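Chemist: My structure is stored as input-v7.txt, with compact mmCIF, C-alpha atoms.
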# COMPACT_ATOMS: atom_id res chain seq x y z
CA MET U 1 13.02 55.67 -41.91
CA LEU U 2 10.58 56.96 -44.52
CA ILE U 3 10.21 53.51 -46.08
CA TRP U 4 9.63 51.99 -42.61
CA PHE U 5 6.94 54.59 -41.87
CA ILE U 6 5.13 54.06 -45.19
CA SER U 7 5.27 50.26 -44.78
CA ASN U 8 3.79 50.40 -41.30
CA CYS U 9 1.04 52.77 -42.40
CA TYR U 10 0.13 50.38 -45.20
CA LEU U 11 0.10 47.38 -42.84
CA LEU U 12 -2.03 49.28 -40.32
CA ARG U 13 -4.54 50.21 -43.02
CA LEU U 14 -4.62 46.61 -44.25
CA MET U 15 -5.18 45.27 -40.72
CA ASN U 16 -8.00 47.74 -40.13
CA SER U 17 -9.58 46.63 -43.38
CA LEU U 18 -9.36 42.98 -42.34
CA VAL U 19 -10.84 43.73 -38.93
CA ASN U 20 -13.76 45.57 -40.51
CA ASN U 21 -14.31 42.70 -42.95
CA CYS U 22 -14.48 40.22 -40.08
CA HIS U 23 -17.65 41.95 -38.91
CA MET U 24 -19.34 41.50 -42.27
CA ASP U 25 -20.66 38.32 -43.80
CA GLU U 26 -19.64 37.07 -47.23
CA PHE U 27 -22.70 38.43 -48.97
CA ARG U 28 -22.44 41.93 -47.49
CA ARG U 29 -18.76 42.18 -48.36
CA TYR U 30 -19.61 41.20 -51.92
CA LYS U 31 -22.51 43.65 -52.19
CA ASP U 32 -20.49 46.54 -50.83
CA LEU U 33 -17.61 45.90 -53.23
CA LYS U 34 -19.90 45.33 -56.19
CA ASP U 35 -21.62 48.67 -55.59
CA LYS U 36 -18.24 50.41 -55.37
CA CYS U 37 -17.08 48.75 -58.60
CA ASP U 38 -19.94 50.06 -60.72
CA PHE U 39 -18.45 50.71 -64.15
CA VAL U 40 -20.70 51.48 -67.11
CA TYR U 41 -19.43 51.02 -70.66
CA LYS U 42 -21.76 51.88 -73.53
CA GLY U 43 -24.73 51.51 -71.22
CA ILE U 44 -23.68 48.11 -69.82
CA HIS U 45 -22.87 47.71 -66.12
CA LEU U 46 -19.69 45.64 -66.12
CA ASN U 47 -19.54 45.23 -62.35
CA SER U 48 -22.58 43.01 -62.86
CA ALA U 49 -20.76 40.96 -65.49
CA ALA U 50 -17.73 40.64 -63.18
CA ALA U 51 -19.83 39.60 -60.18
CA ALA U 52 -18.15 36.21 -59.68
CA THR U 53 -14.69 37.79 -59.58
CA ILE U 54 -15.93 40.54 -57.27
CA TRP U 55 -17.30 37.86 -54.92
CA ALA U 56 -13.91 36.13 -54.92
CA ILE U 57 -12.02 39.37 -54.26
CA ALA U 58 -14.41 40.51 -51.53
CA ASN U 59 -14.06 37.20 -49.71
CA ASN U 60 -10.34 36.67 -50.35
CA ARG U 61 -10.77 33.44 -52.29
CA ASN U 62 -7.61 31.81 -53.59
CA SER U 63 -8.93 30.90 -57.02
CA LEU U 64 -7.67 34.13 -58.59
CA VAL U 65 -4.37 33.91 -60.46
CA LEU U 66 -2.15 36.52 -62.04
CA ARG U 67 -2.15 34.80 -65.44
CA SER U 68 -5.66 36.20 -65.87
CA LEU U 69 -3.99 39.55 -66.60
CA ALA U 70 -3.70 38.40 -70.23
CA ARG U 71 -7.47 38.80 -70.52
CA ALA U 72 -6.97 42.53 -71.19
CA PHE U 73 -5.46 41.69 -74.58
CA ARG U 74 -8.00 39.28 -76.03
CA VAL U 75 -11.54 39.00 -77.28
CA PHE U 76 -13.75 35.95 -77.74
CA VAL U 77 -15.04 35.55 -81.29
CA ILE U 78 -18.73 34.64 -81.50
CA PRO U 79 -19.33 32.48 -84.62
CA THR U 80 -21.18 34.29 -87.40
CA ASP U 81 -24.87 33.46 -87.74
CA GLU U 82 -25.15 32.53 -91.40
CA ASP U 83 -28.87 31.71 -91.12
CA ASN U 84 -29.98 35.01 -89.54
CA CYS U 85 -31.82 33.15 -86.77
CA SER U 86 -34.32 35.07 -84.68
CA ILE U 87 -33.23 33.26 -81.50
CA PHE U 88 -29.67 33.45 -80.17
CA ALA U 89 -28.82 30.99 -77.36
CA LEU U 90 -25.59 31.33 -75.37
CA TYR U 91 -23.84 28.86 -73.08
CA GLY U 92 -21.19 30.57 -70.94
CA ARG U 93 -17.87 29.51 -69.45
CA TYR U 94 -19.19 26.70 -67.27
CA ASN U 95 -17.04 23.61 -67.56
CA ARG U 96 -19.74 21.28 -66.25
CA ARG U 97 -21.05 18.42 -68.37
CA ASP U 98 -24.28 18.28 -66.37
CA TYR U 99 -24.91 22.00 -67.08
CA ILE U 100 -24.31 21.48 -70.80
CA GLU U 101 -26.79 18.60 -70.77
CA VAL U 102 -29.45 20.85 -69.23
CA PHE U 103 -28.76 23.62 -71.75
CA ASN U 104 -28.87 21.24 -74.73
CA SER U 105 -32.08 19.68 -73.46
CA ILE U 106 -33.81 23.08 -73.29
CA ILE U 107 -32.57 24.30 -76.67
CA GLY U 108 -33.57 20.97 -78.18
CA LYS U 109 -37.18 21.66 -77.20
CA LEU U 110 -37.37 24.74 -79.45
CA ASP U 111 -38.62 24.75 -83.04
CA GLY U 112 -36.72 25.98 -86.06
CA LYS U 113 -33.11 27.06 -86.37
CA ILE U 114 -31.45 28.46 -83.29
CA HIS U 115 -28.10 30.25 -83.36
CA THR U 116 -26.39 28.42 -80.51
CA CYS U 117 -23.01 29.48 -79.15
CA TYR U 118 -20.80 27.89 -76.51
CA ILE U 119 -18.28 30.36 -75.12
CA THR U 120 -16.24 27.36 -74.00
CA ALA U 121 -15.76 26.48 -77.67
CA CYS U 122 -15.14 30.02 -78.95
CA LYS U 123 -11.67 31.02 -80.01
CA ALA U 124 -9.97 34.00 -78.40
CA LYS U 125 -7.93 36.30 -80.57
CA LEU U 126 -5.48 39.06 -79.76
CA TYR U 127 -7.24 42.39 -79.28
CA PHE U 128 -5.49 45.54 -78.11
CA SER U 129 -7.37 48.72 -77.23
CA ILE U 130 -5.28 51.43 -75.63
CA SER U 131 -8.39 53.52 -75.00
CA ASN U 132 -10.04 50.71 -73.02
CA ILE U 133 -6.85 50.04 -71.06
CA ILE U 134 -6.54 53.70 -70.08
CA LEU U 135 -10.24 54.13 -69.32
CA VAL U 136 -10.54 51.10 -67.02
CA SER U 137 -7.12 51.44 -65.38
CA LYS U 138 -7.73 55.09 -64.54
CA HIS U 139 -11.07 54.22 -62.92
CA PHE U 140 -9.74 51.48 -60.64
CA LEU U 141 -6.14 52.56 -59.96
CA PHE U 142 -6.64 56.25 -59.24
CA ASN U 143 -9.85 56.12 -57.25
CA ASN U 144 -9.77 56.24 -53.44
CA THR U 145 -12.83 53.99 -53.39
CA PHE U 146 -10.53 51.03 -54.11
CA LYS U 147 -7.62 52.00 -51.88
CA ASP U 148 -8.06 48.98 -49.57
CA ILE U 149 -8.06 46.42 -52.38
CA PRO U 150 -4.64 44.74 -52.85
CA LEU U 151 -2.95 45.68 -56.13
CA LYS U 152 -3.03 42.07 -57.37
CA TYR U 153 -6.80 41.96 -57.12
CA LYS U 154 -7.15 45.38 -58.74
CA LEU U 155 -5.13 44.23 -61.74
CA ILE U 156 -7.17 41.04 -62.08
CA LEU U 157 -10.44 43.00 -61.99
CA ILE U 158 -9.10 45.61 -64.41
CA SER U 159 -8.07 42.91 -66.89
CA GLU U 160 -11.50 41.31 -66.76
CA ILE U 161 -13.32 44.62 -67.27
CA ILE U 162 -11.03 45.51 -70.20
CA GLU U 163 -11.79 42.12 -71.77
CA TYR U 164 -15.50 42.88 -71.50
CA CYS U 165 -15.03 46.33 -73.06
CA ASN U 166 -13.09 44.73 -75.91
CA PHE U 167 -15.89 42.23 -76.42
CA ILE U 168 -18.60 44.90 -76.54
CA ASP U 169 -16.61 46.86 -79.15
CA TYR U 170 -16.02 43.74 -81.23
CA TYR U 171 -19.56 42.40 -80.92
CA GLU U 172 -21.17 45.68 -81.96
CA LYS U 173 -19.32 45.45 -85.28
CA ASN U 174 -20.04 41.74 -85.91
CA LYS U 175 -23.47 41.08 -84.43
CA SER U 176 -26.49 39.76 -86.28
CA ASP U 177 -29.39 42.19 -86.66
CA ALA U 178 -31.90 39.34 -86.94
CA VAL U 179 -31.98 38.49 -83.22
CA GLU U 180 -35.42 38.91 -81.68
CA LYS U 181 -34.91 36.75 -78.58
CA PHE U 182 -31.81 36.07 -76.53
CA VAL U 183 -31.53 32.99 -74.31
CA SER U 184 -28.66 32.63 -71.83
CA MET U 185 -27.63 29.74 -69.65
CA CYS U 186 -27.54 31.82 -66.49
CA SER U 187 -27.33 35.58 -67.03
CA CYS U 188 -25.88 36.27 -63.59
CA HIS U 189 -22.33 37.02 -64.74
CA ASP U 190 -19.77 36.99 -67.55
CA TYR U 191 -20.88 37.01 -71.21
CA GLY U 192 -24.43 35.88 -70.48
CA ASN U 193 -24.85 38.97 -68.33
CA ILE U 194 -23.23 41.30 -70.87
CA LEU U 195 -25.33 40.13 -73.79
CA SER U 196 -28.52 40.10 -71.71
CA GLN U 197 -27.91 43.76 -70.89
CA TYR U 198 -26.92 44.50 -74.48
CA TYR U 199 -30.01 42.95 -76.04
CA HIS U 200 -32.33 44.34 -73.40
CA ARG U 201 -31.15 47.81 -74.36
CA LYS U 202 -31.95 46.94 -78.00
CA GLY U 203 -35.51 45.97 -77.13
CA VAL U 204 -34.86 42.23 -77.60
CA THR U 205 -36.63 39.91 -75.13
CA THR U 206 -34.10 38.14 -72.93
CA TYR U 207 -34.45 34.82 -71.11
CA SER U 208 -32.23 33.29 -68.43
CA LEU U 209 -32.07 29.54 -67.78
CA LEU U 210 -31.19 27.78 -64.54
CA GLU U 211 -28.96 24.72 -64.25
CA GLY U 212 -30.99 23.30 -61.36
CA ALA U 213 -33.84 23.74 -58.92
CA GLY U 214 -32.81 26.95 -57.17
CA PHE U 215 -33.43 28.11 -53.65
CA ILE U 216 -32.33 31.04 -51.51
CA GLN U 217 -29.17 30.47 -49.51
CA ARG U 218 -29.65 31.22 -45.83
CA PRO U 219 -27.15 32.67 -45.14
CA CYS U 220 -25.57 33.54 -48.50
CA LYS U 221 -22.12 31.97 -48.10
CA THR U 222 -21.21 31.04 -51.67
CA ALA U 223 -21.32 32.60 -55.13
CA ASP U 224 -24.35 30.40 -55.92
CA CYS U 225 -26.48 33.29 -54.68
CA LEU U 226 -25.53 35.26 -57.80
CA SER U 227 -28.11 33.24 -59.75
CA TYR U 228 -30.88 35.29 -58.13
CA GLU U 229 -29.08 38.35 -56.73
CA ASN U 230 -27.35 39.29 -59.98
CA PHE U 231 -29.46 37.81 -62.78
CA TYR U 232 -30.31 40.16 -65.63
CA SER U 233 -33.08 39.20 -68.03
CA ASP U 234 -36.70 39.91 -68.79
CA LYS U 235 -37.69 36.38 -67.82
CA LEU U 236 -35.98 34.00 -65.43
CA LEU U 237 -37.14 30.48 -66.28
CA VAL U 238 -37.28 28.51 -63.02
CA TRP U 239 -37.86 24.80 -62.72
CA SER U 240 -40.54 24.60 -60.08
CA ASN U 241 -43.08 26.27 -57.84
CA LEU U 242 -40.64 25.99 -54.93
CA THR U 243 -38.01 28.05 -56.78
CA PHE U 244 -40.68 30.51 -57.94
CA GLN U 245 -41.81 31.13 -54.36
CA GLU U 246 -38.22 31.28 -53.06
CA TYR U 247 -37.11 33.85 -55.62
CA LYS U 248 -40.28 35.85 -55.29
CA GLY U 249 -39.75 35.95 -51.53
CA TRP U 250 -36.21 37.21 -52.13
CA GLY U 251 -37.65 40.21 -53.98
CA ILE U 252 -37.69 39.28 -57.67
CA SER U 253 -40.91 40.44 -59.29
CA ALA U 254 -43.35 37.67 -60.19
CA ASN U 255 -43.53 39.31 -63.63
CA ASN U 256 -39.91 38.30 -64.22
CA LEU U 257 -40.35 34.70 -63.05
CA VAL U 258 -41.84 31.87 -65.10
CA ILE U 259 -42.20 28.23 -64.10
CA ALA U 260 -40.76 26.31 -67.06
CA GLY U 261 -40.28 22.87 -65.50
CA CYS U 262 -37.49 20.38 -65.07
CA PRO U 263 -35.67 20.08 -68.42
CA LYS U 264 -34.02 16.78 -67.54
CA GLU U 265 -35.44 13.58 -68.94
CA LEU U 266 -36.79 12.23 -65.69
CA SER U 267 -38.26 8.78 -65.46
CA CYS U 268 -38.98 8.61 -61.77
CA VAL U 269 -37.98 5.27 -60.33
CA GLY U 270 -39.76 3.82 -57.33
CA MET U 271 -37.92 2.79 -54.20
CA LYS U 272 -36.99 -0.87 -54.29
CA SER U 273 -38.79 -3.22 -51.94
CA ASN U 274 -36.92 -5.10 -49.22
CA ASN U 275 -34.39 -2.26 -49.00
CA LYS U 276 -31.53 -3.26 -46.66
CA TYR U 277 -30.22 0.31 -46.12
CA GLU U 278 -26.60 -0.79 -46.22
CA LYS U 279 -25.07 0.82 -49.32
CA CYS U 280 -25.04 4.58 -48.95
CA MET U 281 -24.04 7.45 -51.27
CA LEU U 282 -23.09 10.67 -49.53
CA ILE U 283 -23.77 13.69 -51.76
CA LEU U 284 -21.56 16.34 -50.21
CA ALA U 285 -21.71 20.13 -50.41
CA ARG U 286 -19.15 22.38 -52.07
CA GLU U 287 -15.79 23.12 -50.45
CA SER U 288 -17.15 26.13 -48.55
CA PHE U 289 -19.07 23.67 -46.38
CA ARG U 290 -16.22 21.27 -45.63
CA LYS U 291 -16.90 21.44 -41.88
CA SER U 292 -20.49 20.35 -42.48
CA ASN U 293 -19.36 17.53 -44.76
CA VAL U 294 -16.84 16.26 -42.21
CA ALA U 295 -19.39 16.54 -39.40
CA LEU U 296 -21.68 14.18 -41.33
CA LEU U 297 -18.83 11.74 -42.00
CA ASP U 298 -17.99 11.70 -38.29
CA ILE U 299 -21.61 10.92 -37.42
CA LEU U 300 -21.66 7.91 -39.74
CA ILE U 301 -18.38 6.59 -38.33
CA LYS U 302 -19.89 6.65 -34.83
CA SER U 303 -23.11 4.94 -35.92
CA ASN U 304 -23.88 1.44 -34.69
CA HIS U 305 -24.74 0.52 -38.26
CA LYS U 306 -21.96 -0.52 -40.59
CA PHE U 307 -22.52 1.05 -43.99
CA ASP U 308 -20.82 0.63 -47.34
CA ILE U 309 -20.21 4.33 -48.04
CA SER U 310 -19.38 6.09 -51.32
CA LEU U 311 -18.69 9.83 -51.51
CA LYS U 312 -19.96 11.96 -54.37
CA LEU U 313 -18.04 15.20 -54.11
CA HIS U 314 -18.82 18.61 -55.56
CA PRO U 315 -16.59 19.16 -58.64
CA GLY U 316 -14.80 22.01 -56.87
CA SER U 317 -13.96 19.97 -53.76
CA ASP U 318 -10.46 19.07 -52.58
CA PHE U 319 -10.39 15.45 -53.74
CA SER U 320 -7.06 14.75 -52.03
CA PHE U 321 -8.46 15.74 -48.62
CA TYR U 322 -11.53 13.54 -48.94
CA GLY U 323 -9.46 10.77 -50.52
CA GLU U 324 -7.31 10.54 -47.39
CA TYR U 325 -10.40 10.53 -45.19
CA ALA U 326 -12.06 7.84 -47.31
CA ASN U 327 -9.00 5.59 -47.31
CA LYS U 328 -8.68 5.90 -43.55
CA HIS U 329 -12.28 4.89 -42.91
CA GLY U 330 -12.92 2.33 -45.64
CA MET U 331 -14.98 4.58 -47.91
CA ARG U 332 -14.62 5.17 -51.64
CA ILE U 333 -14.70 8.27 -53.85
CA ILE U 334 -16.94 8.31 -56.93
CA SER U 335 -15.09 9.51 -60.03
CA LYS U 336 -15.19 13.22 -60.77
CA ASP U 337 -15.95 12.33 -64.40
CA GLN U 338 -19.32 10.84 -63.44
CA THR U 339 -22.23 13.25 -63.17
CA ILE U 340 -24.59 12.89 -60.24
CA ASN U 341 -27.22 11.55 -62.62
CA GLU U 342 -24.88 8.83 -63.86
CA SER U 343 -23.78 7.89 -60.35
CA LEU U 344 -27.20 7.42 -58.77
CA SER U 345 -28.86 4.04 -59.10
CA ASN U 346 -31.05 2.12 -56.68
CA GLU U 347 -29.36 -1.04 -57.89
CA LEU U 348 -26.00 0.25 -56.59
CA PHE U 349 -27.24 2.19 -53.55
CA ASP U 350 -29.89 1.56 -50.91
CA PHE U 351 -30.10 5.13 -49.69
CA SER U 352 -28.27 8.45 -49.75
CA ILE U 353 -27.55 11.46 -47.55
CA ALA U 354 -27.24 14.97 -48.97
CA VAL U 355 -25.55 18.05 -47.55
CA ASN U 356 -26.89 21.40 -48.77
CA THR U 357 -27.38 20.37 -52.41
CA THR U 358 -30.32 20.09 -54.79
CA ALA U 359 -28.84 16.76 -55.96
CA TYR U 360 -31.08 15.55 -53.14
CA TYR U 361 -33.93 15.65 -55.64
CA ASP U 362 -31.97 13.65 -58.21
CA ALA U 363 -31.61 10.90 -55.64
CA LEU U 364 -35.34 10.85 -54.93
CA ALA U 365 -36.15 10.72 -58.64
CA LYS U 366 -33.76 7.80 -59.09
CA GLY U 367 -35.50 5.74 -56.43
CA VAL U 368 -32.71 6.24 -53.88
CA PRO U 369 -34.24 7.39 -50.56
CA CYS U 370 -32.37 10.44 -49.31
CA LEU U 371 -31.90 11.97 -45.88
CA ARG U 372 -30.45 15.45 -45.34
CA TYR U 373 -27.81 16.54 -42.88
CA VAL U 374 -28.22 20.11 -41.59
CA ASP U 375 -26.37 22.32 -39.13
CA ASN U 376 -26.39 25.98 -38.13
CA THR U 377 -24.31 27.13 -41.12
CA PHE U 378 -27.13 26.74 -43.67
CA GLN U 379 -30.85 26.11 -44.01
CA THR U 380 -32.76 23.79 -46.31
CA VAL U 381 -36.18 24.13 -47.89
CA GLY U 382 -38.70 21.75 -49.43
CA GLY U 383 -38.49 18.00 -49.17
CA TYR U 384 -40.07 15.96 -46.39
CA GLU U 385 -39.27 15.10 -42.75
CA ASP U 386 -35.81 13.80 -43.52
CA LYS U 387 -33.41 16.20 -41.79
CA PHE U 388 -31.02 15.38 -38.94
CA SER U 389 -28.18 17.14 -37.12
CA ASN U 390 -26.68 14.48 -34.84
CA ILE U 391 -26.27 10.74 -34.50
CA GLU U 392 -29.44 10.28 -32.44
CA GLU U 393 -31.59 12.09 -35.02
CA PHE U 394 -29.89 10.16 -37.81
CA GLU U 395 -30.70 6.79 -36.23
CA GLU U 396 -34.29 7.92 -35.69
CA LYS U 397 -34.78 9.20 -39.28
CA LEU U 398 -33.23 6.07 -40.78
CA LYS U 399 -35.48 3.86 -38.66
CA LEU U 400 -38.62 5.77 -39.70
CA LEU U 401 -37.57 5.61 -43.34
CA SER U 402 -36.85 1.89 -43.24
CA GLU U 403 -40.23 1.20 -41.63
CA MET U 404 -42.21 3.30 -44.11
CA LYS U 405 -44.34 1.42 -46.62
CA VAL U 406 -43.14 1.73 -50.20
CA GLU U 407 -46.50 3.09 -51.39
CA GLU U 408 -46.60 5.76 -48.67
CA TYR U 409 -43.02 6.77 -49.39
CA GLN U 410 -43.60 7.01 -53.14
CA THR U 411 -46.70 9.18 -52.74
CA ILE U 412 -44.66 11.67 -50.71
CA VAL U 413 -41.72 11.61 -53.13
CA ASN U 414 -43.87 12.09 -56.25
CA LYS U 415 -45.43 15.20 -54.70
CA ILE U 416 -42.00 16.58 -53.74
CA ILE U 417 -40.49 15.99 -57.17
CA LYS U 418 -43.33 17.83 -58.88
CA ASN U 419 -43.48 20.81 -56.51
CA ASP U 420 -39.77 21.19 -55.77
CA LEU U 421 -38.12 19.92 -58.96
CA GLY U 422 -40.80 20.69 -61.56
CA ALA U 423 -41.10 17.12 -62.83
CA GLY U 424 -43.80 16.67 -65.45
CA ILE U 425 -43.80 20.38 -66.37
CA ASP U 426 -42.41 21.39 -69.77
CA ASN U 427 -43.17 24.99 -70.76
CA TYR U 428 -39.89 26.05 -72.39
CA ARG U 429 -41.08 26.10 -75.98
CA ASP U 430 -44.32 27.88 -75.15
CA ILE U 431 -42.54 30.51 -73.04
CA ILE U 432 -39.76 31.29 -75.51
CA GLN U 433 -41.63 30.78 -78.77
CA GLY U 434 -45.21 31.19 -77.63
CA GLU U 435 -45.90 34.38 -79.59
CA GLU U 436 -44.57 32.76 -82.77
CA ARG U 437 -46.72 29.64 -82.61
Could you quickly redo this structure as structure tokens?

Modeler:
Amino acid sequence: MLIWFISNCYLLRLMNSLVNNCHMDEFRRYKDLKDKCDFVYKGIHLNSAAAATIWAIANNRNSLVLRSLARAFRVFVIPTDEDNCSIFALYGRYNRRDYIEVFNSIIGKLDGKIHTCYITACKAKLYFSISNIILVSKHFLFNNTFKDIPLKYKLILISEIIEYCNFIDYYEKNKSDAVEKFVSMCSCHDYGNILSQYYHRKGVTTYSLLEGAGFIQRPCKTADCLSYENFYSDKLLVWSNLTFQEYKGWGISANNLVIAGCPKELSCVGMKSNNKYEKCMLILARESFRKSNVALLDILIKSNHKFDISLKLHPGSDFSFYGEYANKHGMRIISKDQTINESLSNELFDFSIAVNTTAYYDALAKGVPCLRYVDNTFQTVGGYEDKFSNIEEFEEKLKLLSEMKVEEYQTIVNKIIKNDLGAGIDNYRDIIQGEER
């Protein structure tokens, strides 16, 4: 009887928690949990470093696995800087070739020797700290603030925080004292966030890089919003004026924002003449927007036009789901191994359609005219009059695009690429090394 009573009390509390969560959006759930999880170790706020995991826990994402518990017993070893470089550049745990290309392009613009570290290439070694295990476990396991969080998620968060504590202890003993500037590929979570906080406390100027032309999500439905909500650095180097204005409007001080330009090697290609508008690449949004992606696919199936359609999926998408859809409707899937930059070509495609992605700008730069599908689950910014929500609007936008003169189209696109993407702007070296030159 006692066990039955306890079990029902637990289920009732869990159901109440779920009901309350249903009345909150993804961003608010994340913010509330992040504030509750504030944990400071040696002056560093580790809830900020664990922001991506906190987002996943708050929104009950399925990407969390119990094998991550081993993180509590390891530490990543940062290679020793034998040259005592004044600039330390860090690339975090982002397994994206296109992100690495952006990072390498920016670091390659700097003069002199740079101590560059890729966490993805760092070795992890066994590290056991009983004091860290006790300190973190006590905070999260015996605190009523976290009573509604399932035990599995508590253990995953505890393991991550312990790993960060281990890293701070290890890094303090093995760091280089020559660092005067710290550059991170996105300081919004994980080791980029930790070291940005660490060096800021030491009086070292910190810089955060972006992997693309950013904009404010409206509403904030994915962890992409961490790039502006949770960034931690003295200077956030944005690509364009559009991103500058977006982030400033969000509430980031203009003193912390610098327009650095598009770091990609862009050679803007003009739209081809006599475009037949038959071969189409669909650049789909991440898995969180599957309904929007499918809604676009359904529109194209109903269209009177017969298109040769290829799907470029977000790397985190369910390829098996879209593969079945593509096979059923005579479409093809572009290989996951190909970056968006490698896939786009106006020799292979006549036009493209994007769903809630800044790859829209890559298409324009590659000479592939791009329309944008929108619905009531997200908003888009920038660009030109290219948005549609139903089949009638799609037919109208495609007709206007096909009738537009090449010169008129290119004038519009060139302006967009400069303002929204930052093409032709290259201020990275002057921003990061300006005082030294």

Chemist: Taking all atoms listed in the file into account, name the residue in U:Val381, U:Leu236, U:Cys262, U:Leu126 that is nearest to Gly212 in chain U.

Modeler: U:Cys262

Chemist: Pick out the closest residue to Glu347 in chain U from this set: U:Tyr277, U:Tyr207, U:Tyr373, U:Tyr41. Count only C-alpha atoms.

Modeler: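 The shortest atom-to-atom distance to Glu347 in chain U comes from U:Tyr277.
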
Chemist: Phe215 in chain U: which residues within 8 Å, counting all atoms listed in the file, same-chain residues fewer than 4 positions away excluded, as a list in words?

Modeler: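 Using all atoms listed in the file, the neighbours found are Leu242, Thr243, Glu246, Tyr247 and Val381 of chain U.
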
Chemist: For C-alpha atoms, I'd like the residues from the last selection saved as a PDB file, in the frame of the given file.

Modeler:
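Here's the written file out33.pdb:
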ATOM      1  CA  LEU U 242     -40.640  25.990 -54.930  1.00  0.00           C
ATOM      2  CA  THR U 243     -38.010  28.050 -56.780  1.00  0.00           C
ATOM      3  CA  GLU U 246     -38.220  31.280 -53.060  1.00  0.00           C
ATOM      4  CA  TYR U 247     -37.110  33.850 -55.620  1.00  0.00           C
ATOM      5  CA  VAL U 381     -36.180  24.130 -47.890  1.00  0.00           C
TER       6      VAL U 381
END

Chemist: If you count only C-alpha atoms, which residues fall within 12 Å of Phe378 in chain U, apart from same-chain ones fewer than 5 positions away, as a list in words?

Modeler: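 In the requested format, the answer is Phe215, Ile216, Gln217, Arg218, Pro219, Cys220, Lys221, Thr222, Ala285, Ser288, Phe289, Lys291, Ser292, Val355, Asn356, Thr357, Arg372, Tyr373 and Ser389 of chain U.
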
Chemist: Do you know which residues are at most 7 Å from range 75-92 of chain U counting all atoms listed in the file, after dropping those on the same chain fewer than 5 positions away, and could you put them as a ChimeraX atom specification?

Modeler: /U:113-120,122-127,163,166-167,176,178-185,191-192

Chemist: Closest to Lys42 in chain U among U:Leu300, U:Ile168, U:Leu195, U:Ile417, using only C-alpha atoms?

Modeler: U:Ile168

Chemist: Got a sec: who's within 10 Å of Asn132 in chain U, counting only C-alpha atoms, leaving out chain neighbours fewer than 6 positions off, as an NGL selection string?

Modeler: :U and (41 or 72 or 138 or 161-166 or 169)
